[in-house]
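Scroll down for the structure; my scribbles are underneath it.
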Amino acid sequence: MPAVTRWAVRTALVYLVAALGLGVVAAAAPASGLGPTTVHLLVVGWLTQLIFGVAFWMFPKREPSNARLRERLAWAAYGLLNAGLVLRAAVEPLVARGYEPLGPLLVASALCQWLAAVAFVADTWPRVRGRG
Amino acid sequence: MPRLSRIAVRVALVHLVLGFTVGALLLAAKGGAPVPGVLWRLRAAHVEWLVVGWTVELAMGVAFWILPRFRVPPLRGDERPARLALALLNVGVWLVAAGTALGAPVGLAQMGRIAELGAAAAFAVHAWPRVRPPGAGRQAAGS
């Protein structure tokens with residue numbers, strides 16, 4: 001299992017626990033504004049990140065000459081996805097409560113997560129192929 | 001990777017990009033970015049593209065590829081239900097997305113859900129016989 005996959009899967013497990021834990025808090029305090037954050041930690045942090053990690057490991061490999069590019073795209077996707085999610089988790093509940101000066105950080109979070117998806121697709125698309 | 005899986009995975013990747021793009025714009029809007037308010041009409045479509053169009057379709061595509069094959073052709077069993085499943089799934093995703101985004105009568109999204117239900121049933125019909133221990137299943141002809 002490549003290093004980026006190990007990191008992605010372990011991080012996804014952390015998000016699974018964190019999201020379900022946050023879900024307990026959100027259920028107890030519906031006005032907390034934690035709902036969207038909880039959902040995204042679960043669907044993006046756990047589920048999508050797990051898929052990213054396993055797909056990087058399991059999908060047909062690209063040409064050996066592209067191995068370095070693959071690694072860079074995979075690590076970029078990992079780093080950007082998690083930077084975006086951590087920012088979101090930290091900032092979104094506060095912005096929801098009116099802390100508007102933190103808004104640009106939420107925009108940065110959005111950009112990071114979007115770039116992560118682009119990096120993942122850039123690596124994966126050419127690997128979706130038949131034999132030979 | 002078989003052709004049907006390649007199609008499913010690529011379409012799932014398209015749904016991933018669509019869903020993340022709309023999601024990023026909506027999140028940026030929450031942060032004060034000047035995003036057109038009309039984009040909020042795509043919120044339900046964002047959910048549909050990612051939950052069904054990305055994760056469910058990817059799972060179906062990979063399952064079609066990875067599930068145990070039979071020893072005699074057709075190696076993946078009857079592929080027609082799997083093809084039907086993917087067609088219905090994508091029709092369903094886009095009916096739901098269009099129905100919710102356009103504020104169309106509830107019937108459009110309902111039809112989309114029915115199509116998705118049909119997709120699930122069709123895929124189960126295809127996949128069920130392939131869920132088996134090693135060595136079990138269709139034997140070679142004559143044995």
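By convention here, the chains of the structure tokens are called A, B, ... in the order presented, each chain's residues are numbered starting at 1, and ligands are numbered starting at 1 in the order presented.
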>> Need the shell around Gly23 in chain B: protein/DNA/RNA residues with any atom at most 10 Å away, counting only C-alpha atoms. Skip same-chain ones fewer than 3 positions apart. Format as a ChimeraX atom specification?
In response: /A:110,113-114 /B:17-20,26-29,39-40,42-43,45-47,50
> Quick one: residues within 7 Å of range 130-132 of chain B, only C-alpha atoms counted, chain neighbours fewer than 2 positions away excluded, as number ranges by chain?
Replying inline: B: 67-69, 127-128, 134, 136
Would you write out, as CSV, a table of all residues in chain B that have an atom no more than 12 Å from an atom of chain A, listing for each the closest atom pair and the distance in Å to one decimal, considering only C-alpha atoms and ordering rows by chain and rising residue number?
```
residue,atom,partner,partner_atom,distance
B:Met1,CA,A:Gly130,CA,4.6
B:Pro2,CA,A:Gly130,CA,6.1
B:Arg3,CA,A:Gly130,CA,7.1
B:Leu4,CA,A:Gly130,CA,10.3
B:Ser5,CA,A:Val128,CA,8.6
B:Arg6,CA,A:Val128,CA,5.7
B:Ile7,CA,A:Val128,CA,8.7
B:Ala8,CA,A:Val128,CA,9.9
B:Val9,CA,A:Val128,CA,7.3
B:Arg10,CA,A:Trp125,CA,6.9
B:Val11,CA,A:Trp125,CA,10.3
B:Ala12,CA,A:Val121,CA,10.2
B:Leu13,CA,A:Val121,CA,6.6
B:Val14,CA,A:Val121,CA,8.6
B:His15,CA,A:Val121,CA,10.8
B:Leu16,CA,A:Ala117,CA,7.4
B:Val17,CA,A:Ala117,CA,6.6
B:Leu18,CA,A:Trp114,CA,10.0
B:Gly19,CA,A:Trp114,CA,9.5
B:Phe20,CA,A:Trp114,CA,5.8
B:Thr21,CA,A:Trp114,CA,6.3
B:Val22,CA,A:Trp114,CA,9.3
B:Gly23,CA,A:Ala110,CA,7.7
B:Ala24,CA,A:Ala110,CA,4.5
B:Leu25,CA,A:Ala110,CA,7.1
B:Leu26,CA,A:Ala110,CA,8.4
B:Leu27,CA,A:Ala110,CA,5.8
B:Ala28,CA,A:Val107,CA,4.3
B:Ala29,CA,A:Val107,CA,7.6
B:Lys30,CA,A:Gly103,CA,7.2
B:Gly31,CA,A:Gly103,CA,3.8
B:Gly32,CA,A:Gly103,CA,5.8
B:Ala33,CA,A:Val107,CA,6.9
B:Pro34,CA,A:Val107,CA,10.5
B:Val35,CA,A:Val107,CA,11.0
B:Val47,CA,A:Val43,CA,10.3
B:Leu50,CA,A:Val43,CA,9.0
B:Val51,CA,A:Val43,CA,8.3
B:Val52,CA,A:Val43,CA,11.9
B:Trp54,CA,A:Thr48,CA,9.3
B:Thr55,CA,A:Thr48,CA,8.0
B:Val56,CA,A:Leu47,CA,11.5
B:Leu58,CA,A:Ile51,CA,9.3
B:Ala59,CA,A:Ile51,CA,9.7
B:Gly61,CA,A:Val128,CA,10.9
B:Val62,CA,A:Phe59,CA,9.6
B:Trp65,CA,A:Gly130,CA,10.7
B:Ile66,CA,A:Met58,CA,10.6
```
> Could you pull out the alpha helix (DSSP H) residues of chain A from DSSP and send them as number ranges by chain?
Replying inline: A: 3-28, 35-40, 49-58, 67-96, 103-124
> So which residues touch Arg6 in chain A within 10 Å, counting only C-alpha atoms, skipping near sequence neighbours fewer than 5 positions away, as a count of residues only?
Replying inline: 7
Write out as a PDB file with N, CA and C atoms, in the first residue's frame each polymer residue whose atoms come within 6 Å of range 77-85 of chain B, counting only C-alpha atoms; drop sequence neighbours fewer than 5 positions from it.
```
ATOM      1  N   ALA B 119     -32.431   1.301 -11.008  1.00  0.00           N
ATOM      2  CA  ALA B 119     -31.005   1.050 -11.188  1.00  0.00           C
ATOM      3  C   ALA B 119     -30.471   0.145 -10.085  1.00  0.00           C
ATOM      4  N   ALA B 122     -31.769  -3.395 -10.657  1.00  0.00           N
ATOM      5  CA  ALA B 122     -31.113  -4.026 -11.803  1.00  0.00           C
ATOM      6  C   ALA B 122     -29.689  -4.429 -11.461  1.00  0.00           C
ATOM      7  N   PHE B 123     -28.977  -3.544 -10.744  1.00  0.00           N
ATOM      8  CA  PHE B 123     -27.604  -3.891 -10.412  1.00  0.00           C
ATOM      9  C   PHE B 123     -27.552  -5.068  -9.441  1.00  0.00           C
ATOM     10  N   HIS B 126     -27.844  -8.204 -11.321  1.00  0.00           N
ATOM     11  CA  HIS B 126     -26.579  -8.578 -11.970  1.00  0.00           C
ATOM     12  C   HIS B 126     -25.578  -9.118 -10.966  1.00  0.00           C
TER      13      HIS B 126
END
```
